[in-house]
file query-v6.txt (compact mmCIF, C-alpha atoms)
# COMPACT_ATOMS: atom_id res chain seq x y z
CA MET A 1 68.12 137.30 133.30
CA SER A 2 68.72 140.99 132.82
CA THR A 3 65.87 143.00 131.35
CA LYS A 4 68.50 144.87 129.29
CA SER A 5 68.73 141.99 126.79
CA THR A 6 67.97 143.03 123.24
CA TYR A 7 66.48 140.91 120.48
CA TYR A 8 67.06 141.44 116.78
CA ALA A 9 63.94 141.92 114.66
CA PRO A 10 63.82 142.37 110.87
CA THR A 11 62.84 145.74 109.44
CA GLY A 12 62.05 144.77 105.85
CA GLY A 13 62.64 147.26 103.08
CA LEU A 14 64.72 146.61 99.96
CA PRO A 15 68.49 146.87 99.45
CA PRO A 16 69.82 149.47 97.01
CA GLN A 17 70.64 148.53 93.42
CA THR A 18 74.31 149.14 94.24
CA GLN A 19 74.48 146.33 96.81
CA LEU A 20 76.47 143.19 95.98
CA LEU A 21 74.34 140.16 95.12
CA SER A 22 76.33 137.53 97.00
CA ASP A 23 75.34 136.72 100.58
CA ARG A 24 75.60 134.04 103.27
CA ALA A 25 72.35 132.26 102.38
CA ILE A 26 72.90 128.49 102.22
CA PHE A 27 70.61 125.53 101.58
CA THR A 28 72.23 122.09 101.79
CA GLU A 29 71.04 118.54 102.39
CA GLY A 30 71.86 118.87 106.09
CA TYR A 31 71.18 122.50 107.01
CA ALA A 32 70.01 125.89 105.79
CA ILE A 33 70.97 129.42 106.77
CA ILE A 34 68.66 132.36 106.16
CA PRO A 35 70.71 135.50 106.89
CA LYS A 36 69.01 138.61 108.16
CA ARG A 37 69.76 140.53 104.96
CA VAL A 38 67.36 138.42 102.91
CA LEU A 39 64.32 139.22 105.10
CA THR A 40 63.13 141.98 102.79
CA ASP A 41 59.73 143.22 101.64
CA ILE A 42 59.66 140.96 98.58
CA VAL A 43 59.62 137.74 100.65
CA ILE A 44 56.82 138.61 103.07
CA SER A 45 53.60 136.58 103.41
CA TYR A 46 50.10 137.24 104.74
CA LEU A 47 47.41 135.14 106.41
CA PRO A 48 43.60 135.15 106.27
CA PHE A 49 41.63 136.76 109.11
CA TRP A 50 44.51 139.03 110.14
CA THR A 51 44.67 142.83 109.88
CA HIS A 52 47.71 145.11 109.67
CA MET A 53 50.11 142.18 109.66
CA ARG A 54 52.83 140.73 107.54
CA MET A 55 55.27 137.93 108.21
CA TRP A 56 58.46 136.26 107.12
CA VAL A 57 58.26 132.46 106.91
CA ILE A 58 61.65 131.11 107.99
CA ALA A 59 60.72 127.43 108.37
CA ARG A 60 58.07 125.10 107.00
CA PRO A 61 57.85 121.31 106.72
CA LEU A 62 59.62 120.02 103.60
CA SER A 63 59.60 116.40 102.51
CA GLY A 64 63.06 114.91 102.95
CA PHE A 65 64.33 117.82 105.05
CA SER A 66 63.12 119.34 108.33
CA GLU A 67 59.61 118.04 108.77
CA THR A 68 58.11 118.79 112.18
CA PHE A 69 57.52 122.54 112.50
CA SER A 70 56.94 125.93 110.93
CA GLN A 71 58.25 129.27 112.16
CA TYR A 72 57.16 132.80 111.29
CA ILE A 73 58.38 136.26 112.27
CA VAL A 74 55.17 138.29 112.45
CA GLU A 75 54.99 142.08 112.32
CA LEU A 76 51.80 143.66 113.68
CA GLY A 77 51.02 147.30 113.02
CA PRO A 78 48.99 149.46 115.43
CA ASN A 79 45.50 147.94 115.86
CA GLY A 80 46.66 144.86 114.00
CA GLY A 81 45.76 141.35 115.07
CA SER A 82 43.33 138.49 114.58
CA ASP A 83 40.27 136.93 116.17
CA LYS A 84 41.01 133.70 114.22
CA PRO A 85 44.79 133.39 114.27
CA GLU A 86 45.04 129.58 114.20
CA LEU A 87 42.90 127.59 111.74
CA ASP A 88 44.28 124.13 112.62
CA ALA A 89 42.85 122.74 115.88
CA SER A 90 45.69 120.19 116.13
CA ALA A 91 48.41 122.85 116.12
CA GLU A 92 50.29 123.88 119.24
CA ALA A 93 52.39 127.03 119.28
CA VAL A 94 54.91 129.21 121.04
CA LEU A 95 54.85 133.00 120.71
CA PHE A 96 58.02 134.92 121.58
CA VAL A 97 58.00 138.72 121.40
CA VAL A 98 61.13 140.44 120.07
CA GLU A 99 59.87 144.03 119.71
CA GLY A 100 57.01 146.17 121.00
CA GLU A 101 54.02 144.84 122.90
CA MET A 102 50.72 143.09 122.21
CA ASP A 103 47.70 141.68 124.02
CA VAL A 104 47.03 137.95 123.73
CA ASN A 105 43.67 136.69 124.97
CA ILE A 106 44.05 133.03 125.98
CA GLU A 107 40.88 131.23 127.01
CA GLY A 108 39.32 134.55 128.10
CA ILE A 109 42.33 135.93 129.99
CA VAL A 110 44.20 138.88 128.45
CA HIS A 111 47.98 138.88 128.76
CA ASN A 112 50.00 141.95 127.83
CA MET A 113 53.24 140.69 126.32
CA SER A 114 56.30 142.82 125.63
CA ALA A 115 59.81 142.06 124.37
CA GLY A 116 60.97 138.81 125.96
CA GLY A 117 57.40 137.59 126.53
CA TYR A 118 56.77 133.90 125.92
CA ALA A 119 53.43 132.09 125.53
CA TYR A 120 52.72 128.40 125.04
CA LEU A 121 49.42 127.60 123.28
CA PRO A 122 48.29 123.95 123.28
CA PRO A 123 46.15 122.32 120.59
CA ASN A 124 42.47 123.29 120.63
CA CYS A 125 43.36 126.46 122.51
CA GLN A 126 41.10 129.48 122.00
CA TRP A 127 43.20 132.61 121.61
CA THR A 128 43.20 135.98 119.89
CA ILE A 129 45.84 138.67 119.46
CA LYS A 130 45.80 142.48 119.18
CA ASN A 131 48.40 145.23 119.06
CA ASN A 132 46.75 147.98 121.09
CA SER A 133 49.83 150.21 121.06
CA ASP A 134 50.78 152.92 118.58
CA LYS A 135 54.00 151.15 117.55
CA HIS A 136 54.76 147.97 115.64
CA ALA A 137 55.09 144.67 117.48
CA LYS A 138 57.13 141.72 116.23
CA PHE A 139 57.08 138.15 117.45
CA HIS A 140 58.10 134.64 116.53
CA TRP A 141 55.29 132.15 116.01
CA ILE A 142 56.46 128.53 116.13
CA ARG A 143 53.83 125.92 115.22
CA LYS A 144 53.78 122.14 115.38
CA ALA A 145 51.13 119.44 114.94
CA TYR A 146 50.77 118.11 118.48
CA GLN A 147 51.40 114.38 118.88
CA PHE A 148 48.72 113.08 121.25
CA VAL A 149 49.55 110.07 123.43
CA GLU A 150 46.81 107.94 124.96
CA GLY A 151 46.87 108.35 128.75
CA ILE A 152 48.74 111.68 128.70
CA ASP A 153 46.86 114.98 128.73
CA ALA A 154 47.89 117.84 126.48
CA PRO A 155 49.68 120.68 128.30
CA GLU A 156 47.95 123.75 129.66
CA PRO A 157 48.60 127.19 128.17
CA PHE A 158 50.95 129.49 130.03
CA VAL A 159 52.59 132.89 129.67
CA THR A 160 55.98 133.86 131.07
CA SER A 161 59.05 135.85 130.02
CA ASP A 162 62.73 135.49 129.27
CA HIS A 163 63.25 137.95 132.12
CA GLU A 164 61.35 135.78 134.63
CA VAL A 165 62.91 132.36 133.98
CA PRO A 166 66.48 131.88 135.27
CA ALA A 167 69.00 130.43 132.86
CA ILE A 168 70.55 127.11 133.91
CA ALA A 169 74.28 126.58 133.38
CA MET A 170 75.32 123.48 131.48
CA PRO A 171 77.48 121.16 133.64
CA ASN A 172 81.21 121.84 133.81
CA THR A 173 81.09 124.94 131.61
CA GLY A 174 81.95 127.65 134.13
CA ASP A 175 78.62 129.41 133.43
CA VAL A 176 79.63 130.35 129.87
CA TRP A 177 76.90 128.10 128.35
CA LYS A 178 73.38 128.40 129.75
CA THR A 179 69.87 127.39 128.73
CA THR A 180 66.62 129.15 129.62
CA ARG A 181 64.05 126.33 129.72
CA PHE A 182 60.40 127.34 129.70
CA THR A 183 59.13 123.78 130.22
CA GLU A 184 60.47 120.93 132.33
CA GLN A 185 62.44 118.39 130.32
CA SER A 186 60.73 115.54 132.18
CA ASP A 187 57.19 116.76 131.38
CA MET A 188 55.98 114.17 128.89
CA ARG A 189 52.98 116.28 127.93
CA HIS A 190 55.28 118.43 125.82
CA ASP A 191 56.48 117.14 122.45
CA MET A 192 58.53 120.24 121.62
CA HIS A 193 60.81 122.54 123.53
CA VAL A 194 61.42 126.17 122.59
CA ASN A 195 64.26 127.45 124.74
CA ILE A 196 66.83 130.26 124.73
CA VAL A 197 70.50 129.30 124.67
CA THR A 198 73.15 131.77 125.84
CA PHE A 199 76.92 131.66 125.34
CA GLU A 200 79.25 134.17 126.90
CA PRO A 201 82.12 135.34 124.66
CA GLY A 202 84.50 132.45 124.08
CA GLY A 203 81.94 129.82 125.07
CA VAL A 204 81.71 126.74 122.86
CA ILE A 205 79.77 123.60 122.11
CA PRO A 206 82.94 121.50 122.39
CA PHE A 207 81.94 118.65 120.08
CA ASP A 208 79.82 118.07 116.99
CA GLU A 209 76.39 117.27 118.41
CA THR A 210 74.75 114.61 116.22
CA HIS A 211 71.22 113.74 117.31
CA VAL A 212 67.72 112.90 116.14
CA MET A 213 66.16 116.22 117.16
CA GLU A 214 65.79 118.73 114.35
CA HIS A 215 66.41 122.36 115.16
CA GLY A 216 65.40 125.87 114.29
CA LEU A 217 67.81 128.45 115.71
CA TYR A 218 67.08 132.18 115.43
CA VAL A 219 69.95 134.36 116.62
CA LEU A 220 68.55 136.94 119.03
CA GLU A 221 71.81 138.64 119.94
CA GLY A 222 75.55 138.49 119.23
CA LYS A 223 77.56 136.44 116.75
CA ALA A 224 79.30 133.07 116.49
CA VAL A 225 80.99 130.62 114.16
CA TYR A 226 79.08 127.37 113.62
CA HIS A 227 80.47 124.04 112.43
CA LEU A 228 77.65 122.41 110.46
CA ASN A 229 78.03 119.09 108.68
CA GLY A 230 81.76 119.64 108.26
CA GLU A 231 81.57 123.29 107.15
CA TRP A 232 82.29 126.51 109.06
CA VAL A 233 79.78 129.35 108.77
CA GLU A 234 79.47 132.71 110.52
CA VAL A 235 76.14 133.79 111.98
CA GLU A 236 74.95 136.95 113.70
CA ALA A 237 71.85 138.48 115.28
CA GLY A 238 68.90 138.15 112.90
CA ASP A 239 70.15 135.00 111.14
CA PHE A 240 68.16 131.76 111.18
CA MET A 241 69.59 128.22 111.06
CA TRP A 242 67.52 125.21 110.11
CA LEU A 243 69.20 121.92 111.04
CA ARG A 244 68.02 118.54 109.84
CA ALA A 245 68.01 115.58 112.23
CA PHE A 246 71.54 114.18 112.71
CA CYS A 247 73.23 117.25 111.21
CA PRO A 248 76.56 117.54 113.11
CA GLN A 249 76.67 120.89 114.91
CA SER A 250 79.04 122.79 117.20
CA CYS A 251 79.82 126.46 117.71
CA TYR A 252 82.21 129.07 119.05
CA ALA A 253 80.79 132.34 120.42
CA GLY A 254 82.90 135.14 118.98
CA GLY A 255 81.90 138.03 121.23
CA PRO A 256 82.27 140.82 122.20
CA GLY A 257 78.91 140.29 123.93
CA PRO A 258 76.67 137.30 124.66
CA PHE A 259 75.53 135.05 121.82
CA ARG A 260 71.85 134.10 122.30
CA TYR A 261 69.41 132.16 120.15
CA LEU A 262 65.82 130.94 120.27
CA LEU A 263 65.95 127.16 119.85
CA TYR A 264 63.23 124.78 118.66
CA LYS A 265 63.53 121.00 119.00
CA ASP A 266 61.14 118.06 118.86
CA VAL A 267 61.22 115.82 121.95
CA ASN A 268 59.54 113.09 124.04
CA ARG A 269 57.90 110.99 121.32
CA HIS A 270 58.55 107.75 119.42
CA MET A 271 60.00 108.09 115.97
CA PRO A 272 57.19 107.72 113.39
CA PHE A 273 57.56 104.96 110.82
CA ILE A 274 57.31 105.46 107.09
CA ARG A 275 54.90 102.63 106.37
CA PRO A 276 54.68 100.94 102.98
CA LYS A 277 51.58 101.66 100.96
CA ASN A 278 49.27 98.72 100.28

call {"tool": "encode", "arguments": {"input": "query-v6.txt", "output": "structure tokens"}}
result
Amino acid sequence: MSTKSTYYAPTGGLPPQTQLLSDRAIFTEGYAIIPKRVLTDIVISYLPFWTHMRMWVIARPLSGFSETFSQYIVELGPNGGSDKPELDASAEAVLFVVEGEMDVNIEGIVHNMSAGGYAYLPPNCQWTIKNNSDKHAKFHWIRKAYQFVEGIDAPEPFVTSDHEVPAIAMPNTGDVWKTTRFTEQSDMRHDMHVNIVTFEPGGVIPFDETHVMEHGLYVLEGKAVYHLNGEWVEVEAGDFMWLRAFCPQSCYAGGPGPFRYLLYKDVNRHMPFIRPKN
């Protein structure tokens, strides 16, 4: 993967009073789209035990909709960070840096992460984070309650990069559709995958995928047209798509450059039952 790849990161601010009100934001029973234009200062959130940070929450569990994960875009100012970033011992996480650099201390080992950096943090992991640079850093923080299985150990933490992991071409696609997989699909320790999907201009998902895995898709680069639950929508770098389980989905990459997105999906576990109350 070329180190020249760029990742879109929100800048905040507020639109002028002269801007049109209508936008591409959509929330339906099958999917939601949060376009980049709505990630303004008035929708930011904060967390306890953090300094010089703010974040945009682009996914959270909702009853009757997507239910397995949360996703934040975190902005850290110079000297910003936290010695108590995660307050839920059962939570696992992926951090993916889209701008700047930061130091993540994982179990006593400090990792300097810059744009494209990827870290997996298992449940009960001890970690801290600090922006020791003089510029802002921005990263995605994807969290999930880890589903323990008796006889299978939880995964180990690891740090890698988009630039270090080769993308794998999907079969019979002529290399126009590739996936950068940061964990092995057959590794049953993992109950979520956070990958990067790349389409070259003109590449397509040639059928409406309809499957049990729910998705969060943040567009890192480029643009495309998506077919979601029977409707066509345009998306571009900075947009986020939230797809419920079984939402039909296909796409066409419109070019002129690569279309890339950060993809969350839940994997490798039985489907939980909704049990009747006694």

call {"tool": "closest_residue", "arguments": {"input": "query-v6.txt", "among": "A:Gly116, A:Pro272, A:Pro16, A:Pro201", "to": "Asp162 (chain A)", "atoms": "all atoms listed in the file"}}
result
A:Gly116

call {"tool": "closest_residue", "arguments": {"input": "query-v6.txt", "among": "A:Phe240, A:Tyr146, A:Tyr226, A:Phe27", "to": "Tyr72 (chain A)", "atoms": "all atoms listed in the file"}}
result
A:Phe240

call {"tool": "residues_near_point", "arguments": {"input": "query-v6.txt", "point": "(71.0, 139.8, 113.9)", "cutoff": "8 Å", "atoms": "only C-alpha atoms", "output": "ChimeraX atom specification"}}
result
/A:8-9,36,219-223,236-239

call {"tool": "atom_distance", "arguments": {"input": "query-v6.txt", "atom1": "CA of Ser63 (chain A)", "atom2": "CA of Arg244 (chain A)"}}
result
11.4 Å

call {"tool": "axis_aligned_box", "arguments": {"input": "query-v6.txt", "around": "region 241-254 of chain A", "padding_each_side": "3 Å", "output": "AutoDock Vina command-line options"}}
result
--center_x 75.2 --center_y 124.7 --center_z 115.1 --size_x 21.4 --size_y 27.0 --size_z 16.6

call {"tool": "residues_around", "arguments": {"input": "query-v6.txt", "residues": "Pro157 (chain A)", "least_positions_apart": "6", "cutoff": "7 Å", "atoms": "all atoms listed in the file", "output": "PyMOL selection string"}}
result
chain A and resi 120-122

call {"tool": "decode", "arguments": {"input": "query-v6.txt", "residues": "region 147-182 of chain A", "atoms": "C-alpha atoms", "output": "PDB file, in the first residue's frame"}}
result
ATOM      1  CA  GLN A 147     -17.956 -11.875  23.436  1.00  0.00           C
ATOM      2  CA  PHE A 148     -15.912 -14.365  25.463  1.00  0.00           C
ATOM      3  CA  VAL A 149     -16.075 -18.048  24.489  1.00  0.00           C
ATOM      4  CA  GLU A 150     -15.101 -20.766  26.942  1.00  0.00           C
ATOM      5  CA  GLY A 151     -11.939 -22.497  25.714  1.00  0.00           C
ATOM      6  CA  ILE A 152     -10.826 -19.619  23.471  1.00  0.00           C
ATOM      7  CA  ASP A 153      -8.446 -16.955  24.747  1.00  0.00           C
ATOM      8  CA  ALA A 154      -9.032 -13.289  24.007  1.00  0.00           C
ATOM      9  CA  PRO A 155      -6.688 -11.849  21.360  1.00  0.00           C
ATOM     10  CA  GLU A 156      -3.429 -10.095  22.133  1.00  0.00           C
ATOM     11  CA  PRO A 157      -2.994  -6.381  21.445  1.00  0.00           C
ATOM     12  CA  PHE A 158      -1.084  -5.388  18.342  1.00  0.00           C
ATOM     13  CA  VAL A 159      -0.099  -2.288  16.387  1.00  0.00           C
ATOM     14  CA  THR A 160       0.400  -2.115  12.635  1.00  0.00           C
ATOM     15  CA  SER A 161      -0.378   0.239   9.742  1.00  0.00           C
ATOM     16  CA  ASP A 162      -2.359   0.498   6.540  1.00  0.00           C
ATOM     17  CA  HIS A 163       1.011   1.007   4.847  1.00  0.00           C
ATOM     18  CA  GLU A 164       2.448  -2.253   6.227  1.00  0.00           C
ATOM     19  CA  VAL A 165      -0.381  -4.698   5.455  1.00  0.00           C
ATOM     20  CA  PRO A 166      -0.787  -5.669   1.780  1.00  0.00           C
ATOM     21  CA  ALA A 167      -4.270  -5.457   0.320  1.00  0.00           C
ATOM     22  CA  ILE A 168      -5.712  -8.750  -0.954  1.00  0.00           C
ATOM     23  CA  ALA A 169      -7.626  -8.757  -4.241  1.00  0.00           C
ATOM     24  CA  MET A 170     -11.095 -10.269  -4.200  1.00  0.00           C
ATOM     25  CA  PRO A 171     -11.335 -13.308  -6.529  1.00  0.00           C
ATOM     26  CA  ASN A 172     -12.059 -12.692 -10.208  1.00  0.00           C
ATOM     27  CA  THR A 173     -12.099  -8.899  -9.910  1.00  0.00           C
ATOM     28  CA  GLY A 174      -8.975  -7.981 -11.864  1.00  0.00           C
ATOM     29  CA  ASP A 175      -7.500  -6.256  -8.775  1.00  0.00           C
ATOM     30  CA  VAL A 176     -10.128  -3.483  -8.823  1.00  0.00           C
ATOM     31  CA  TRP A 177     -11.616  -4.630  -5.471  1.00  0.00           C
ATOM     32  CA  LYS A 178      -9.207  -5.280  -2.601  1.00  0.00           C
ATOM     33  CA  THR A 179      -9.398  -5.697   1.167  1.00  0.00           C
ATOM     34  CA  THR A 180      -6.706  -4.843   3.712  1.00  0.00           C
ATOM     35  CA  ARG A 181      -7.279  -7.357   6.526  1.00  0.00           C
ATOM     36  CA  PHE A 182      -5.568  -6.635   9.827  1.00  0.00           C
TER      37      PHE A 182
END
